[in-house]
Each structure stands twice: as C-alpha cells, then as structure tokens.
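J.: Structure file final-v8.csv (CSV, C-alpha atoms) is given on the next line.
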chain,number,residue,atom,x,y,z
A,1,MET,CA,1.9,32.3,-13.0
A,2,PRO,CA,1.3,30.7,-9.6
A,3,VAL,CA,3.6,27.7,-8.9
A,4,ILE,CA,2.9,24.8,-6.6
A,5,THR,CA,5.9,22.5,-5.7
A,6,PHE,CA,5.5,19.1,-4.0
A,7,GLU,CA,8.4,16.9,-3.0
A,8,ALA,CA,7.8,13.2,-2.1
A,9,ALA,CA,9.2,9.7,-2.6
A,10,ARG,CA,8.3,7.9,-5.8
A,11,LEU,CA,4.8,8.3,-7.0
A,12,ASP,CA,2.9,6.3,-9.7
A,13,LYS,CA,1.3,8.2,-12.6
A,14,GLU,CA,-2.2,8.0,-11.1
A,15,GLN,CA,-1.0,9.5,-7.8
A,16,LYS,CA,0.6,12.3,-9.8
A,17,ARG,CA,-2.6,13.0,-11.7
A,18,GLU,CA,-4.6,13.1,-8.5
A,19,LEU,CA,-2.2,15.5,-6.8
A,20,VAL,CA,-2.0,17.8,-9.8
A,21,LYS,CA,-5.7,17.9,-10.1
A,22,GLY,CA,-6.4,18.4,-6.4
A,23,PHE,CA,-3.7,21.0,-5.8
A,24,THR,CA,-4.9,23.0,-8.8
A,25,GLU,CA,-8.6,22.8,-7.9
A,26,VAL,CA,-8.0,23.9,-4.3
A,27,ALA,CA,-5.5,26.7,-5.2
A,28,ALA,CA,-7.9,28.1,-7.8
A,29,LYS,CA,-10.8,28.0,-5.4
A,30,VAL,CA,-8.9,29.7,-2.6
A,31,THR,CA,-7.2,32.4,-4.8
A,32,GLY,CA,-10.0,33.0,-7.3
A,33,LEU,CA,-7.5,32.6,-10.1
A,34,PRO,CA,-8.3,30.3,-13.1
A,35,GLU,CA,-7.0,26.7,-12.9
A,36,ALA,CA,-5.3,27.2,-16.3
A,37,GLY,CA,-2.8,29.6,-14.8
A,38,PHE,CA,-1.3,27.1,-12.2
A,39,TYR,CA,1.9,25.2,-12.7
A,40,VAL,CA,2.4,22.1,-10.5
A,41,PHE,CA,5.9,20.6,-10.1
A,42,LEU,CA,6.3,17.2,-8.6
A,43,LYS,CA,9.8,16.3,-7.4
A,44,GLU,CA,10.5,12.7,-6.5
A,45,ASN,CA,13.3,12.0,-4.1
A,46,SER,CA,14.8,8.5,-3.6
A,47,LEU,CA,15.3,7.6,0.0
A,48,GLU,CA,19.1,7.6,-0.5
A,49,ASN,CA,18.9,11.3,-1.2
A,50,VAL,CA,17.1,12.4,1.9
A,51,GLY,CA,18.4,12.6,5.4
A,52,VAL,CA,16.7,13.0,8.8
A,53,GLY,CA,18.4,13.3,12.1
A,54,GLY,CA,21.8,13.0,10.6
A,55,GLN,CA,21.1,9.7,8.8
A,56,LEU,CA,20.0,8.9,5.3
A,57,ILE,CA,16.4,7.6,5.4
A,58,ASP,CA,17.6,4.7,3.2
A,59,ASP,CA,20.0,3.7,6.0
A,60,ARG,CA,17.4,4.1,8.8
A,61,SER,CA,14.9,1.8,7.0
A,62,GLY,CA,17.5,-0.8,6.3
A,63,ALA,CA,16.4,-0.8,2.6
A,64,ASN,CA,19.9,-0.8,1.1
Would you mind writing the structure in this file as structure tokens?
T.:
Amino acid sequence: MPVITFEAARLDKEQKRELVKGFTEVAAKVTGLPEAGFYVFLKENSLENVGVGGQLIDDRSGAN
C-alpha cells in the first residue's frame, strides 16, 4: 500500500480532489502500480501551527 502525504494550508474540496487525482495518476505511472493501491493523505495546517525562522507564520503575516 503506497502512501502519499501532502501538508499545506487550508484547501477547498476541489483543490483536494485535484491533488488526490494528480498525485495518484503520476505515482501510478512512475511506479507501474495500479492507482487503486495508493492512499493519499492531505494534512491541513493553520498558519498559527507552523513556524519559520523562529516565528509563527501567523505572526509574520500579521493575520492575527
């Protein structure tokens, strides 16, 4: 069971559909494995839960 994990900020349902479809198609083509065997996990992270350079992204953008 191949697993693909993608972490990003909030995504809408159409973006999620497109990512799952695209990741699965490309991975199946490259590996020669059937698309039905792939699991894709999308993890959404709010900006207050991600830090870069010692600061929360939420603080850097001023979007409190």
J.: Grab the CA of Ala36 (chain A) to CA of Phe6 (chain A) distance for me, in Å with one decimal place.
T.: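 Interatomic distance, CA of Ala36 (chain A) to CA of Phe6 (chain A): 18.3 Å.
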J.: Just to confirm, what's the straight-line distance from CA of Asn45 (chain A) to CA of Val26 (chain A) in Å (one decimal)?
T.: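 Atom-to-atom, CA of Asn45 (chain A) to CA of Val26 (chain A), that is 24.4 Å.
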J.: For a cutoff of 12 Å around the file-coordinate point (14.8, 9.3, -3.8), which residues qualify once you count all atoms listed in the file? I'd like the result as a PyMOL selection string.
T.: chain A and resi 7-11+43-51+56-58
J.: Using all atoms listed in the file, find all polymer residues with an atom at most 12 Å away from the point (-5.5, 24.5, -5.5); report them as a list in words.
T.: Pro2, Val3, Ile4, Thr5, Glu18, Leu19, Val20, Lys21, Gly22, Phe23, Thr24, Glu25, Val26, Ala27, Ala28, Lys29, Val30, Thr31, Gly32, Leu33, Pro34, Glu35, Ala36, Gly37, Phe38, Tyr39 and Val40 of chain A
J.: Please produce a file of those selected residues containing C-alpha atoms, as a PDB file, in the coordinates of the input.
T.:
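Result went into again_34.pdb, see below:
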ATOM      1  CA  PRO A   2       1.300  30.700  -9.600  1.00  0.00           C
ATOM      2  CA  VAL A   3       3.600  27.700  -8.900  1.00  0.00           C
ATOM      3  CA  ILE A   4       2.900  24.800  -6.600  1.00  0.00           C
ATOM      4  CA  THR A   5       5.900  22.500  -5.700  1.00  0.00           C
ATOM      5  CA  GLU A  18      -4.600  13.100  -8.500  1.00  0.00           C
ATOM      6  CA  LEU A  19      -2.200  15.500  -6.800  1.00  0.00           C
ATOM      7  CA  VAL A  20      -2.000  17.800  -9.800  1.00  0.00           C
ATOM      8  CA  LYS A  21      -5.700  17.900 -10.100  1.00  0.00           C
ATOM      9  CA  GLY A  22      -6.400  18.400  -6.400  1.00  0.00           C
ATOM     10  CA  PHE A  23      -3.700  21.000  -5.800  1.00  0.00           C
ATOM     11  CA  THR A  24      -4.900  23.000  -8.800  1.00  0.00           C
ATOM     12  CA  GLU A  25      -8.600  22.800  -7.900  1.00  0.00           C
ATOM     13  CA  VAL A  26      -8.000  23.900  -4.300  1.00  0.00           C
ATOM     14  CA  ALA A  27      -5.500  26.700  -5.200  1.00  0.00           C
ATOM     15  CA  ALA A  28      -7.900  28.100  -7.800  1.00  0.00           C
ATOM     16  CA  LYS A  29     -10.800  28.000  -5.400  1.00  0.00           C
ATOM     17  CA  VAL A  30      -8.900  29.700  -2.600  1.00  0.00           C
ATOM     18  CA  THR A  31      -7.200  32.400  -4.800  1.00  0.00           C
ATOM     19  CA  GLY A  32     -10.000  33.000  -7.300  1.00  0.00           C
ATOM     20  CA  LEU A  33      -7.500  32.600 -10.100  1.00  0.00           C
ATOM     21  CA  PRO A  34      -8.300  30.300 -13.100  1.00  0.00           C
ATOM     22  CA  GLU A  35      -7.000  26.700 -12.900  1.00  0.00           C
ATOM     23  CA  ALA A  36      -5.300  27.200 -16.300  1.00  0.00           C
ATOM     24  CA  GLY A  37      -2.800  29.600 -14.800  1.00  0.00           C
ATOM     25  CA  PHE A  38      -1.300  27.100 -12.200  1.00  0.00           C
ATOM     26  CA  TYR A  39       1.900  25.200 -12.700  1.00  0.00           C
ATOM     27  CA  VAL A  40       2.400  22.100 -10.500  1.00  0.00           C
TER      28      VAL A  40
END
